[in-house]
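K.L.:
Supplied structure: work01.csv, CSV, C-alpha atoms and all ligand atoms.
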chain,number,residue,atom,x,y,z
A,1,MET,CA,-72.2,-142.0,-40.4
A,2,SER,CA,-69.2,-141.3,-38.3
A,3,GLY,CA,-70.9,-140.9,-35.0
A,4,TRP,CA,-73.1,-138.1,-33.7
A,5,GLN,CA,-72.1,-134.6,-34.5
A,6,ASP,CA,-73.8,-131.4,-33.4
A,7,PRO,CA,-75.4,-130.3,-36.7
A,8,PHE,CA,-75.0,-126.6,-35.8
A,9,TYR,CA,-71.4,-127.2,-35.1
A,10,SER,CA,-70.8,-128.8,-38.5
A,11,ILE,CA,-72.6,-126.0,-40.3
A,12,THR,CA,-70.7,-123.3,-38.6
A,13,SER,CA,-67.4,-125.1,-39.1
A,14,SER,CA,-67.9,-125.6,-42.8
A,15,MET,CA,-69.0,-122.1,-43.4
A,16,PRO,CA,-66.7,-119.6,-41.9
A,17,MET,CA,-68.8,-116.6,-41.2
A,18,ARG,CA,-67.0,-113.7,-39.7
A,19,ASP,CA,-70.2,-112.2,-38.4
A,20,ASP,CA,-70.8,-115.2,-36.1
A,21,PRO,CA,-69.2,-114.3,-32.9
A,22,ASP,CA,-69.0,-117.9,-31.7
A,23,HIS,CA,-67.0,-119.0,-34.7
A,24,TYR,CA,-63.6,-118.5,-33.3
A,25,LEU,CA,-64.2,-120.2,-30.0
A,26,THR,CA,-62.3,-123.4,-29.1
A,27,ARG,CA,-64.3,-126.6,-28.4
A,28,LYS,CA,-64.0,-126.0,-24.7
A,29,GLU,CA,-65.2,-122.4,-24.9
A,30,ARG,CA,-68.0,-123.5,-27.1
A,31,ARG,CA,-69.2,-126.0,-24.5
A,32,HIS,CA,-69.0,-123.3,-21.9
A,33,GLU,CA,-71.0,-120.9,-24.1
A,34,LYS,CA,-73.7,-123.6,-24.5
A,35,LYS,CA,-74.0,-124.1,-20.8
A,36,ARG,CA,-74.3,-120.4,-20.3
A,37,ALA,CA,-77.0,-120.1,-23.0
A,38,GLY,CA,-78.9,-122.9,-21.3
A,39,ALA,CA,-78.8,-121.2,-18.0
A,40,LYS,CA,-80.1,-118.0,-19.7
A,41,ASP,CA,-83.0,-120.0,-21.2
A,42,ARG,CA,-84.1,-121.3,-17.9
A,43,SER,CA,-84.1,-117.8,-16.3
A,44,LYS,CA,-86.2,-116.7,-19.3
A,45,PHE,CA,-89.0,-119.1,-18.2
A,46,LYS,CA,-89.1,-117.5,-14.8
A,47,LYS,CA,-89.0,-114.1,-16.5
A,48,THR,CA,-92.0,-115.0,-18.6
A,49,ASP,CA,-94.1,-115.7,-15.5
A,50,ARG,CA,-93.0,-112.4,-14.0
A,51,ASP,CA,-93.7,-110.6,-17.2
A,52,LYS,CA,-97.2,-112.0,-17.3
A,53,ARG,CA,-97.9,-110.8,-13.8
A,54,GLU,CA,-96.5,-107.4,-14.5
A,55,LYS,CA,-98.6,-107.2,-17.7
A,56,LYS,CA,-101.8,-107.9,-15.7
A,57,THR,CA,-101.0,-105.2,-13.1
A,58,ALA,CA,-100.1,-102.8,-15.9
A,59,LEU,CA,-103.4,-103.5,-17.5
A,60,ASP,CA,-105.3,-102.8,-14.3
A,61,MET,CA,-103.3,-99.6,-13.9
A,62,HIS,CA,-104.0,-98.6,-17.4
A,63,ALA,CA,-107.7,-98.8,-16.8
A,64,ARG,CA,-107.3,-96.6,-13.8
A,65,LEU,CA,-105.2,-94.1,-15.8
A,66,LYS,CA,-107.9,-94.0,-18.4
A,67,LYS,CA,-110.6,-93.3,-15.8
A,68,LYS,CA,-108.3,-90.4,-14.6
A,69,GLU,CA,-107.8,-92.1,-11.2
A,70,LEU,CA,-104.1,-91.9,-11.9
A,71,LYS,CA,-102.1,-89.1,-13.5
A,72,ARG,CA,-99.1,-89.6,-15.7
A,73,GLY,CA,-96.0,-87.7,-14.7
A,74,ARG,CA,-92.3,-87.7,-15.5
A,75,VAL,CA,-89.4,-87.9,-13.0
A,76,LEU,CA,-87.5,-84.6,-12.9
A,77,ALA,CA,-85.1,-85.3,-10.1
A,78,ILE,CA,-84.5,-87.7,-7.2
A,79,THR,CA,-83.8,-85.7,-4.0
A,80,PRO,CA,-83.4,-86.6,-0.4
A,81,GLU,CA,-86.9,-85.1,0.2
A,82,GLY,CA,-88.5,-87.4,-2.4
A,83,THR,CA,-89.0,-87.7,-6.1
A,84,GLU,CA,-89.7,-84.5,-8.1
A,85,VAL,CA,-92.2,-85.1,-10.8
A,86,ASP,CA,-93.6,-83.0,-13.6
A,87,LEU,CA,-97.4,-83.4,-13.4
A,88,GLU,CA,-99.1,-81.7,-16.4
A,89,GLY,CA,-96.6,-78.8,-16.3
A,90,GLU,CA,-96.6,-78.5,-12.5
A,91,LYS,CA,-93.8,-79.7,-10.2
A,92,ALA,CA,-94.9,-82.1,-7.5
A,93,LEU,CA,-93.1,-84.1,-4.8
A,94,VAL,CA,-94.2,-87.7,-4.8
A,95,THR,CA,-93.5,-90.7,-2.7
A,96,LEU,CA,-93.0,-94.4,-3.1
A,97,ARG,CA,-95.1,-96.7,-1.1
A,98,GLY,CA,-95.8,-100.4,-0.3
A,99,SER,CA,-94.6,-102.9,-2.8
A,100,LEU,CA,-92.7,-100.3,-4.9
A,101,LYS,CA,-90.8,-99.2,-1.9
A,102,LYS,CA,-89.8,-102.7,-1.1
A,103,GLU,CA,-88.7,-103.1,-4.7
A,104,GLN,CA,-86.6,-100.0,-4.4
A,105,GLY,CA,-84.7,-101.5,-1.5
A,106,LYS,CA,-83.7,-104.4,-3.7
A,107,GLN,CA,-83.3,-102.6,-7.0
A,108,LYS,CA,-81.2,-99.5,-7.0
A,109,ASN,CA,-82.4,-98.3,-10.3
A,110,LEU,CA,-86.1,-98.6,-9.8
A,111,LEU,CA,-86.6,-94.9,-10.5
A,112,ILE,CA,-84.3,-92.7,-12.5
A,113,VAL,CA,-84.6,-89.2,-14.0
A,114,GLY,CA,-86.7,-89.3,-17.2
A,115,ASP,CA,-88.9,-92.2,-16.0
A,116,PHE,CA,-92.6,-91.9,-16.8
A,117,VAL,CA,-94.7,-92.7,-13.6
A,118,TRP,CA,-98.4,-93.0,-12.8
A,119,ILE,CA,-99.4,-91.1,-9.7
A,120,GLU,CA,-102.2,-91.7,-7.2
A,121,PRO,CA,-104.4,-88.8,-6.0
A,122,ASP,CA,-102.4,-88.8,-2.8
A,123,TYR,CA,-99.1,-88.3,-4.7
A,124,ALA,CA,-97.9,-91.9,-4.3
A,125,ILE,CA,-96.3,-93.6,-7.3
A,126,ALA,CA,-98.5,-96.5,-8.5
A,127,HIS,CA,-96.5,-97.6,-11.5
A,128,VAL,CA,-93.3,-97.0,-13.4
A,129,GLU,CA,-93.5,-97.3,-17.1
A,130,GLN,CA,-91.2,-99.6,-19.0
A,131,ARG,CA,-88.2,-97.6,-20.3
A,132,ARG,CA,-87.7,-97.4,-24.1
A,133,SER,CA,-84.1,-96.3,-23.7
A,134,VAL,CA,-81.5,-95.9,-21.0
A,135,LEU,CA,-78.2,-94.2,-20.7
A,136,SER,CA,-76.0,-96.1,-18.3
A,137,ARG,CA,-72.4,-96.7,-17.4
A,138,ARG,CA,-70.3,-99.1,-15.4
A,139,GLY,CA,-70.4,-98.2,-11.6
A,140,HIS,CA,-67.4,-96.2,-10.5
A,141,ILE,CA,-67.0,-97.8,-7.2
A,142,HIS,CA,-68.8,-101.1,-7.9
A,143,SER,CA,-67.7,-101.9,-11.4
A,144,HIS,CA,-69.9,-105.0,-11.6
A,145,ARG,CA,-73.0,-102.8,-11.2
A,146,GLN,CA,-74.8,-100.9,-13.9
A,147,GLN,CA,-75.4,-97.4,-13.0
A,148,LEU,CA,-78.3,-95.8,-14.8
A,149,ILE,CA,-78.1,-92.1,-15.7
A,150,ALA,CA,-81.4,-91.4,-17.5
A,151,ALA,CA,-84.4,-93.1,-19.1
A,152,ASN,CA,-86.6,-92.5,-22.1
A,153,ILE,CA,-84.1,-90.3,-23.9
A,154,ASP,CA,-84.1,-89.7,-27.6
A,155,GLN,CA,-80.5,-88.4,-27.9
A,156,VAL,CA,-77.3,-87.9,-26.1
A,157,LEU,CA,-75.6,-84.5,-26.6
A,158,ILE,CA,-72.0,-85.6,-26.1
A,159,THR,CA,-70.5,-82.4,-24.8
A,160,VAL,CA,-66.8,-81.6,-25.0
A,161,SER,CA,-64.8,-78.4,-25.0
A,162,VAL,CA,-62.0,-77.3,-27.4
A,163,ALA,CA,-59.8,-76.4,-24.3
A,164,SER,CA,-60.1,-76.3,-20.5
A,165,PRO,CA,-60.6,-79.2,-20.3
A,166,PRO,CA,-58.9,-80.2,-23.5
A,167,LEU,CA,-60.7,-82.1,-26.3
A,168,LYS,CA,-60.5,-85.9,-25.7
A,169,PRO,CA,-61.7,-88.0,-28.7
A,170,SER,CA,-61.3,-91.3,-26.8
A,171,LEU,CA,-63.9,-90.1,-24.3
A,172,VAL,CA,-66.2,-89.1,-27.1
A,173,ASP,CA,-65.9,-92.7,-28.5
A,174,ARG,CA,-67.0,-94.1,-25.1
A,175,TYR,CA,-70.0,-91.9,-25.1
A,176,ILE,CA,-70.8,-92.9,-28.7
A,177,ILE,CA,-70.8,-96.5,-27.7
A,178,ALA,CA,-72.9,-95.9,-24.6
A,179,ALA,CA,-75.5,-94.0,-26.7
A,180,LEU,CA,-75.7,-96.6,-29.4
A,181,LYS,CA,-75.9,-99.4,-26.9
A,182,GLY,CA,-78.7,-97.6,-25.1
A,183,LYS,CA,-80.6,-97.2,-28.3
A,184,MET,CA,-80.2,-93.4,-28.5
A,185,ASP,CA,-79.3,-91.0,-31.2
A,186,LEU,CA,-76.4,-88.7,-30.6
A,187,VAL,CA,-75.0,-85.3,-31.5
A,188,ILE,CA,-71.4,-84.2,-30.6
A,189,VAL,CA,-71.4,-80.7,-29.2
A,190,VAL,CA,-68.0,-79.0,-29.0
A,191,ASN,CA,-68.2,-76.1,-26.7
A,192,LYS,CA,-66.0,-73.1,-26.0
A,193,ILE,CA,-65.1,-72.4,-29.6
A,194,ASP,CA,-64.6,-68.8,-28.6
A,195,LEU,CA,-61.3,-69.9,-27.1
A,196,LEU,CA,-60.0,-71.0,-30.5
A,197,LYS,CA,-59.1,-67.4,-31.4
A,198,GLU,CA,-55.9,-67.4,-29.3
A,199,LYS,CA,-55.1,-71.1,-29.6
A,200,LYS,CA,-53.6,-72.2,-32.9
A,201,GLU,CA,-52.8,-75.8,-32.0
A,202,GLU,CA,-56.3,-76.3,-30.6
A,203,ARG,CA,-57.9,-74.8,-33.7
A,204,PHE,CA,-56.0,-77.3,-35.8
A,205,PHE,CA,-57.1,-80.2,-33.6
A,206,PHE,CA,-60.7,-79.0,-33.5
A,207,ASP,CA,-60.8,-78.8,-37.4
A,208,ALA,CA,-59.4,-82.4,-37.6
A,209,PHE,CA,-61.8,-83.6,-35.0
A,210,VAL,CA,-64.9,-82.1,-36.8
A,211,ASN,CA,-63.7,-83.6,-40.2
A,212,LEU,CA,-63.1,-87.0,-38.7
A,213,TYR,CA,-66.4,-87.4,-36.8
A,214,SER,CA,-68.4,-85.8,-39.6
A,215,ALA,CA,-66.9,-88.3,-42.1
A,216,LEU,CA,-67.9,-91.1,-39.7
A,217,GLY,CA,-71.5,-89.9,-40.1
A,218,PHE,CA,-72.0,-88.1,-36.8
A,219,ARG,CA,-73.5,-84.7,-36.4
A,220,VAL,CA,-71.0,-82.3,-34.9
A,221,LEU,CA,-71.8,-78.8,-33.7
A,222,GLY,CA,-69.2,-76.2,-32.7
A,223,VAL,CA,-70.8,-73.8,-30.1
A,224,SER,CA,-70.0,-71.3,-27.4
A,225,ALA,CA,-72.2,-70.8,-24.4
A,226,GLU,CA,-70.2,-67.8,-23.5
A,227,LYS,CA,-70.4,-66.0,-26.8
A,228,ASN,CA,-73.8,-67.3,-28.0
A,229,GLN,CA,-72.3,-69.1,-31.0
A,230,GLY,CA,-74.0,-72.0,-32.7
A,231,LEU,CA,-76.8,-72.1,-30.2
A,232,THR,CA,-79.6,-71.7,-32.7
A,233,ALA,CA,-78.5,-74.9,-34.4
A,234,LEU,CA,-78.2,-76.7,-31.0
A,235,LYS,CA,-81.7,-75.5,-30.0
A,236,LYS,CA,-83.0,-76.8,-33.3
A,237,GLU,CA,-81.5,-80.2,-32.5
A,238,MET,CA,-83.1,-80.2,-29.1
A,239,THR,CA,-86.6,-79.0,-30.1
A,240,GLY,CA,-89.3,-81.6,-29.5
A,241,LYS,CA,-86.9,-84.3,-28.2
A,242,ALA,CA,-85.6,-85.5,-24.9
A,243,SER,CA,-81.8,-84.9,-24.8
A,244,VAL,CA,-79.2,-85.6,-22.2
A,245,PHE,CA,-76.1,-83.5,-21.9
A,246,SER,CA,-73.2,-85.8,-21.0
A,247,GLY,CA,-69.6,-85.1,-20.7
A,248,GLN,CA,-66.7,-84.4,-18.5
A,249,SER,CA,-66.9,-81.8,-15.7
A,250,GLY,CA,-66.2,-78.3,-16.7
A,251,VAL,CA,-67.0,-78.6,-20.5
A,252,GLY,CA,-70.0,-76.3,-20.0
A,253,LYS,CA,-73.1,-78.5,-19.9
A,254,SER,CA,-74.9,-76.4,-17.4
A,255,SER,CA,-73.7,-73.2,-19.1
A,256,LEU,CA,-75.1,-74.4,-22.4
A,257,ILE,CA,-78.5,-75.2,-20.8
A,258,ASN,CA,-78.5,-71.8,-19.2
A,259,ALA,CA,-77.7,-70.0,-22.4
A,260,ILE,CA,-80.5,-71.9,-24.3
A,261,THR,CA,-83.2,-71.8,-21.6
A,262,GLY,CA,-82.4,-68.7,-19.7
A,263,LEU,CA,-82.3,-70.7,-16.4
A,264,GLY,CA,-79.7,-70.1,-13.8
A,265,LEU,CA,-78.2,-73.5,-13.1
A,266,ALA,CA,-75.0,-73.4,-11.0
A,267,THR,CA,-71.7,-73.3,-13.0
A,268,LYS,CA,-68.2,-72.9,-11.8
A,269,GLU,CA,-64.7,-72.2,-13.3
A,270,VAL,CA,-62.4,-75.0,-14.2
A,271,ILE,CA,-59.5,-75.5,-11.8
A,272,LYS,CA,-56.6,-73.6,-13.4
A,273,LYS,CA,-53.8,-76.0,-12.5
A,274,THR,CA,-55.4,-79.2,-13.7
A,275,GLN,CA,-57.7,-77.8,-16.4
A,276,LYS,CA,-60.4,-80.0,-14.9
A,277,GLY,CA,-64.0,-79.1,-13.9
A,278,ALA,CA,-65.0,-78.5,-10.3
A,279,HIS,CA,-67.8,-81.1,-10.3
A,280,THR,CA,-70.5,-78.4,-9.9
A,281,THR,CA,-73.6,-80.2,-10.9
A,282,ALA,CA,-74.3,-82.8,-8.2
A,283,GLN,CA,-77.4,-84.6,-9.6
A,284,ALA,CA,-79.0,-85.3,-12.8
A,285,GLN,CA,-82.2,-83.3,-13.4
A,286,LEU,CA,-84.7,-83.2,-16.2
A,287,ILE,CA,-85.7,-79.8,-17.5
A,288,PRO,CA,-88.9,-79.1,-19.5
A,289,LEU,CA,-88.2,-76.9,-22.5
A,290,THR,CA,-90.6,-74.1,-23.2
A,291,PHE,CA,-89.9,-74.5,-27.0
A,292,GLY,CA,-90.9,-78.2,-26.7
A,293,GLY,CA,-89.0,-81.2,-25.4
A,294,TRP,CA,-86.9,-81.9,-22.4
A,295,CYS,CA,-83.2,-81.8,-21.5
A,296,ILE,CA,-81.2,-83.4,-18.8
A,297,ASP,CA,-78.2,-81.8,-17.1
A,298,THR,CA,-75.9,-84.4,-15.6
A,299,PRO,CA,-72.9,-84.2,-13.3
A,300,GLY,CA,-69.6,-84.6,-15.2
A,301,ILE,CA,-68.0,-87.9,-14.2
A,302,ARG,CA,-64.3,-88.7,-13.7
A,303,SER,CA,-64.2,-91.8,-15.7
A,304,PHE,CA,-66.8,-93.3,-18.0
A,305,GLY,CA,-66.8,-97.1,-18.1
A,306,ILE,CA,-69.2,-98.7,-20.6
A,307,TRP,CA,-71.6,-101.2,-19.1
A,308,ASP,CA,-71.8,-104.7,-20.5
A,309,LEU,CA,-69.5,-104.4,-23.4
A,310,GLU,CA,-67.7,-107.6,-24.5
A,311,ARG,CA,-64.3,-107.4,-26.1
A,312,ARG,CA,-65.5,-109.2,-29.3
A,313,ASP,CA,-68.4,-106.7,-29.7
A,314,LEU,CA,-66.2,-103.6,-29.4
A,315,VAL,CA,-65.3,-103.5,-33.1
A,316,VAL,CA,-68.9,-103.1,-34.1
A,317,TYR,CA,-68.7,-99.5,-32.8
A,318,PHE,CA,-65.7,-98.8,-35.0
A,319,PRO,CA,-67.2,-99.4,-38.5
A,320,GLU,CA,-64.0,-98.2,-40.2
A,321,ILE,CA,-62.0,-100.9,-38.4
A,322,THR,CA,-64.6,-103.6,-39.2
A,323,GLU,CA,-64.4,-102.6,-42.8
A,324,GLY,CA,-60.6,-102.7,-42.9
A,325,ALA,CA,-60.5,-106.0,-41.0
A,326,LYS,CA,-61.9,-107.8,-44.0
A,327,GLU,CA,-58.5,-107.7,-45.6
A,328,CYS,CA,-56.5,-108.9,-42.5
A,329,ARG,CA,-54.7,-112.1,-42.9
A,330,TYR,CA,-56.3,-113.7,-39.9
A,331,PRO,CA,-60.1,-113.6,-39.6
A,332,ASN,CA,-60.0,-113.2,-35.8
A,333,CYS,CA,-57.2,-110.5,-36.0
A,334,THR,CA,-57.3,-108.1,-33.0
A,335,HIS,CA,-55.2,-105.6,-35.0
A,336,LEU,CA,-52.8,-105.2,-32.1
A,337,HIS,CA,-49.8,-107.3,-33.1
A,338,GLU,CA,-50.7,-109.8,-35.8
A,339,PRO,CA,-48.7,-110.1,-39.0
A,340,GLY,CA,-50.5,-109.2,-42.2
A,341,CYS,CA,-52.9,-106.9,-40.4
A,342,HIS,CA,-54.6,-104.6,-42.9
A,343,VAL,CA,-56.0,-102.3,-40.2
A,344,GLN,CA,-52.6,-101.4,-39.0
A,345,LYS,CA,-51.5,-100.6,-42.6
A,346,MET,CA,-54.6,-98.4,-42.9
A,347,VAL,CA,-53.7,-96.6,-39.7
A,348,GLU,CA,-50.1,-96.1,-41.0
A,349,SER,CA,-51.4,-94.6,-44.3
A,350,GLY,CA,-53.9,-92.4,-42.5
A,351,ALA,CA,-56.9,-94.2,-44.0
A,352,ILE,CA,-58.1,-95.0,-40.5
A,353,SER,CA,-57.6,-92.2,-38.0
A,354,ALA,CA,-54.8,-92.8,-35.5
A,355,LEU,CA,-57.0,-91.2,-32.9
A,356,ARG,CA,-59.8,-93.6,-33.4
A,357,PHE,CA,-57.4,-96.5,-33.5
A,358,ALA,CA,-55.8,-95.3,-30.2
A,359,SER,CA,-59.2,-95.3,-28.4
A,360,TYR,CA,-60.0,-98.7,-29.9
A,361,LYS,CA,-56.8,-100.0,-28.4
A,362,LYS,CA,-57.4,-98.4,-25.1
A,363,LEU,CA,-60.8,-99.9,-24.8
A,364,ILE,CA,-59.7,-103.4,-25.9
A,365,HIS,CA,-57.1,-103.4,-23.1
A,366,GLU,CA,-59.7,-102.4,-20.6
A,367,LEU,CA,-62.2,-105.1,-21.5
A,401,LIG,N1,-64.7,-69.5,-22.7
A,401,LIG,C1,-65.8,-70.2,-22.4
A,401,LIG,N2,-66.1,-70.7,-21.2
A,401,LIG,C2,-67.2,-71.4,-21.0
A,401,LIG,C3,-68.1,-71.7,-22.0
A,401,LIG,N3,-69.1,-72.4,-21.6
A,401,LIG,C4,-68.8,-72.6,-20.2
A,401,LIG,N4,-67.7,-72.0,-19.9
A,401,LIG,C5,-67.1,-71.9,-18.6
A,401,LIG,O1,-66.7,-73.2,-18.2
A,401,LIG,C6,-66.8,-73.4,-16.8
A,401,LIG,C7,-67.5,-74.7,-16.5
A,401,LIG,O2,-68.9,-74.6,-16.9
A,401,LIG,P1,-70.1,-75.5,-16.3
A,401,LIG,O3,-71.3,-75.1,-17.1
A,401,LIG,O4,-70.1,-75.4,-14.9
A,401,LIG,O5,-69.6,-77.0,-16.7
A,401,LIG,P2,-70.4,-78.4,-16.5
A,401,LIG,O6,-70.1,-79.2,-17.7
A,401,LIG,O7,-71.7,-78.1,-16.2
A,401,LIG,O8,-69.5,-79.0,-15.3
A,401,LIG,P3,-70.1,-80.0,-14.1
A,401,LIG,O9,-71.4,-79.5,-13.6
A,401,LIG,O10,-69.0,-80.0,-13.1
A,401,LIG,O11,-70.2,-81.3,-14.8
A,401,LIG,C8,-67.5,-72.2,-16.3
A,401,LIG,O12,-66.6,-71.3,-15.7
A,401,LIG,C9,-68.1,-71.6,-17.5
A,401,LIG,O13,-68.2,-70.2,-17.4
A,401,LIG,C10,-67.8,-71.1,-23.3
A,401,LIG,O14,-68.5,-71.3,-24.3
A,401,LIG,N5,-66.6,-70.5,-23.5
A,402,MG,MG,-72.9,-78.6,-14.5
A,403,ZN,ZN,-55.9,-106.8,-38.3
Taking this structure as input, can you express it in the form of structure tokens?
P.N.:
Amino acid sequence: MSGWQDPFYSITSSMPMRDDPDHYLTRKERRHEKKRAGAKDRSKFKKTDRDKREKKTALDMHARLKKKELKRGRVLAITPEGTEVDLEGEKALVTLRGSLKKEQGKQKNLLIVGDFVWIEPDYAIAHVEQRRSVLSRRGHIHSHRQQLIAANIDQVLITVSVASPPLKPSLVDRYIIAALKGKMDLVIVVNKIDLLKEKKEERFFFDAFVNLYSALGFRVLGVSAEKNQGLTALKKEMTGKASVFSGQSGVGKSSLINAITGLGLATKEVIKKTQKGAHTTAQAQLIPLTFGGWCIDTPGIRSFGIWDLERRDLVVYFPEITEGAKECRYPNCTHLHEPGCHVQKMVESGAISALRFASYKKLIHEL
């Protein structure tokens, strides 16, 4: 034997597997990765202890919930006055107390819209249920922080408009990645189709957009909150589910919710000069739907950074690029400048959409 060799190393080095993300690391990077993985393992032990403790409290709480000492509610909004909760169809203002309050000081995202909470008879929150999905983004001011938008959501209604503000596929791609990363389904809702009548160029772009994203396997709905178009289909998608309307300011998220529910949420015209929204909705809020389900209105945000996305994972969210990359000359091709890049050829021939490729490039430069 020629000295000791890490068996895993020899396996991976003799079997080039493109799916193994570590395969293309240098020796030094590999060592670094190992160290990092080790550190992760140790923190896992501590985490197990904590999990055990949390499990016990959860079991105690569960007994109290069963005996109806506690009531189960859902966070509608977080306001300066307190947390608004839906309690068996009634709106209630609840508070945080004791250990949970201390926790909140440390942990900014202890409670978010959509959380399921268990409430004491005196309207204090006793327990926050574990989330089954979260929509989050990278913090705008503190980019190293994860900012949570909503919890326990089934689907993201990625809302855009055909014009004012103009349709931006690269933003749609960001929301798609955020939805998939957060374990949520998604529907792309293109609002303001009533404006297409007078706008030839936008009409052409809208058709191309619908064809492209439908071909990629996404559900795309053209709607108009103003002219009541396509709303039956949208309502059908929303029925019985918890959906969050996400998208730029001014695309008409609140207008769509108003048109569907008959509510009177505040809406405001887009700024003429910039074609941007006026940032009308200030806070996320959960709305119970009379036809079954929930929806969340969110404030439009200026930029949407994706939380915890690594450069080498990006391509996973672009299946057409992953597929094309199989024919690239270099297995670790980034498709930006390498010779013999098959993906670039496919973009040139139109087999991969130039729009999607542009947002891939934009994201890779950001990461
Ligand atoms: N032409 C047209 N205008 C619409 C439509 N839907 C909404 N608008 C207008 O677009 C503007 C912005 O609508 P909002 O509902 O406030 O947009 P929002 O997405 O909630 O914006 P933020 O709360 O700032 O994130 C309003 O002036 C609406 O009247 C539509 O289907 N067609
Ligand atoms: Mg709004
Ligand atoms: Zn390539």
K.L.:
Where does chain A meet ligand ZN 403 (chain A) within 6 Å, residue by residue, with the nearest atom pair and distance in Å to one decimal for each, counting only C-alpha atoms and all ligand atoms, listed by chain and rising number, as a tab-separated table?
P.N.:
residue	atom	partner	partner_atom	distance
A:Ala325	CA	A:ZN403	ZN	5.4
A:Cys328	CA	A:ZN403	ZN	4.7
A:Cys333	CA	A:ZN403	ZN	4.5
A:Thr334	CA	A:ZN403	ZN	5.6
A:His335	CA	A:ZN403	ZN	3.6
A:Cys341	CA	A:ZN403	ZN	3.7
A:His342	CA	A:ZN403	ZN	5.3
A:Val343	CA	A:ZN403	ZN	4.9
K.L.:
Env of Val128 (chain A): 8 Å cut, atoms = only C-alpha atoms, seq-sep filter 5 positions within chain, self excluded. Answer as a PyMOL selection string.
P.N.:
chain A and resi 111+115-118
K.L.:
So which one's closest to Thr83 (chain A), A:Ala242, A:Leu286, A:Ile257, A:Arg203? Using all atoms listed in the file, please.
P.N.:
A:Leu286
K.L.:
Which residues are near ligand MG 402 (chain A) in this structure, taking near to mean any atom at most 12 Å from a ligand atom and counting only C-alpha atoms and all ligand atoms? Format them as a ChimeraX atom specification.
P.N.:
/A:159,245-258,264-270,277-285,296-301
K.L.:
Which residues are close to region 169-185 of chain A, i.e. within 7 Å by all atoms listed in the file, leaving aside same-chain residues fewer than 4 positions away? Reply as a PyMOL selection string.
P.N.:
chain A and resi 133-135+153-156+158+306+317+359
K.L.:
So that I can check the surroundings of region 88-95 of chain A, please list as number ranges by chain every protein, DNA and RNA residue that reaches within 12 Å of it, counting only C-alpha atoms and ignoring chain neighbours fewer than 6 positions away.
P.N.:
A: 71-82, 101, 104, 111, 117-127, 286-290, 292, 294
K.L.:
Please report, as lines of an AutoDock Vina configuration file, the centre and edge lengths in Å to one decimal of an axis-aligned box covering all listed atoms of region 95-102 of chain A with 3 Å per side.
P.N.:
center_x = -92.8
center_y = -96.8
center_z = -2.6
size_x = 12.0
size_y = 18.2
size_z = 10.6
K.L.:
Which residues come within 10 Å of Arg312 (chain A), counting only C-alpha atoms, excluding same-chain residues fewer than 2 positions away, as a PyMOL selection string?
P.N.:
chain A and resi 21-22+309-310+314-316+332+334+364+367
K.L.:
Compile the contact shell of Glu320 (chain A) as an MDAnalysis selection string: residues with an atom at most 8 Å away, counting only C-alpha atoms, same-chain residues fewer than 3 positions apart removed.
P.N.:
chainID A and resid 323:324 352
K.L.:
For the atom pair CA of Tyr213 (chain A) and CA of Arg131 (chain A), what is the interatomic distance in Å to one decimal place?
P.N.:
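These two atoms are separated by 29.2 Å.
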K.L.:
Please compute the CA of Val220 (chain A)-CA of Val190 (chain A) distance, one decimal, in Å.
P.N.:
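Taking CA of Val220 (chain A) and CA of Val190 (chain A), their separation equals 7.4 Å.
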K.L.:
Ranking A:Asn152, A:Ser164, A:Thr57, A:Gln344 by minimum distance to Lys273 (chain A) and counting only C-alpha atoms, which one comes first?
P.N.:
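So, comparing all the options, the nearest one is A:Ser164.
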K.L.:
Report the distance between atom C3 of ligand LIG 401 (chain A) and CA of Arg219 (chain A) in Å, rounded to one decimal place.
P.N.:
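Computing it gives 20.1 Å between the two atoms.
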K.L.:
Will you model N, CA and C atoms for region 51-58 of chain A and pass it back as a compact mmCIF listing (two decimals), keeping the file's coordinate frame?
P.N.:
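As written to disk, selection11.txt reads:
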# COMPACT_ATOMS: atom_id res chain seq x y z
N ASP A 51 -93.18 -111.51 -16.23
CA ASP A 51 -93.70 -110.60 -17.20
C ASP A 51 -95.20 -110.62 -17.31
N LYS A 52 -95.77 -111.86 -17.23
CA LYS A 52 -97.20 -112.00 -17.30
C LYS A 52 -97.89 -111.27 -16.15
N ARG A 53 -97.33 -111.50 -14.95
CA ARG A 53 -97.90 -110.80 -13.80
C ARG A 53 -97.82 -109.33 -13.92
N GLU A 54 -96.66 -108.89 -14.38
CA GLU A 54 -96.50 -107.40 -14.50
C GLU A 54 -97.42 -106.87 -15.56
N LYS A 55 -97.67 -107.66 -16.59
CA LYS A 55 -98.60 -107.20 -17.70
C LYS A 55 -99.98 -107.00 -17.11
N LYS A 56 -100.41 -107.94 -16.23
CA LYS A 56 -101.80 -107.90 -15.70
C LYS A 56 -101.89 -106.59 -14.81
N THR A 57 -100.91 -106.39 -13.92
CA THR A 57 -101.00 -105.20 -13.10
C THR A 57 -100.97 -103.95 -13.98
N ALA A 58 -100.15 -103.99 -15.00
CA ALA A 58 -100.10 -102.80 -15.90
C ALA A 58 -101.42 -102.57 -16.55
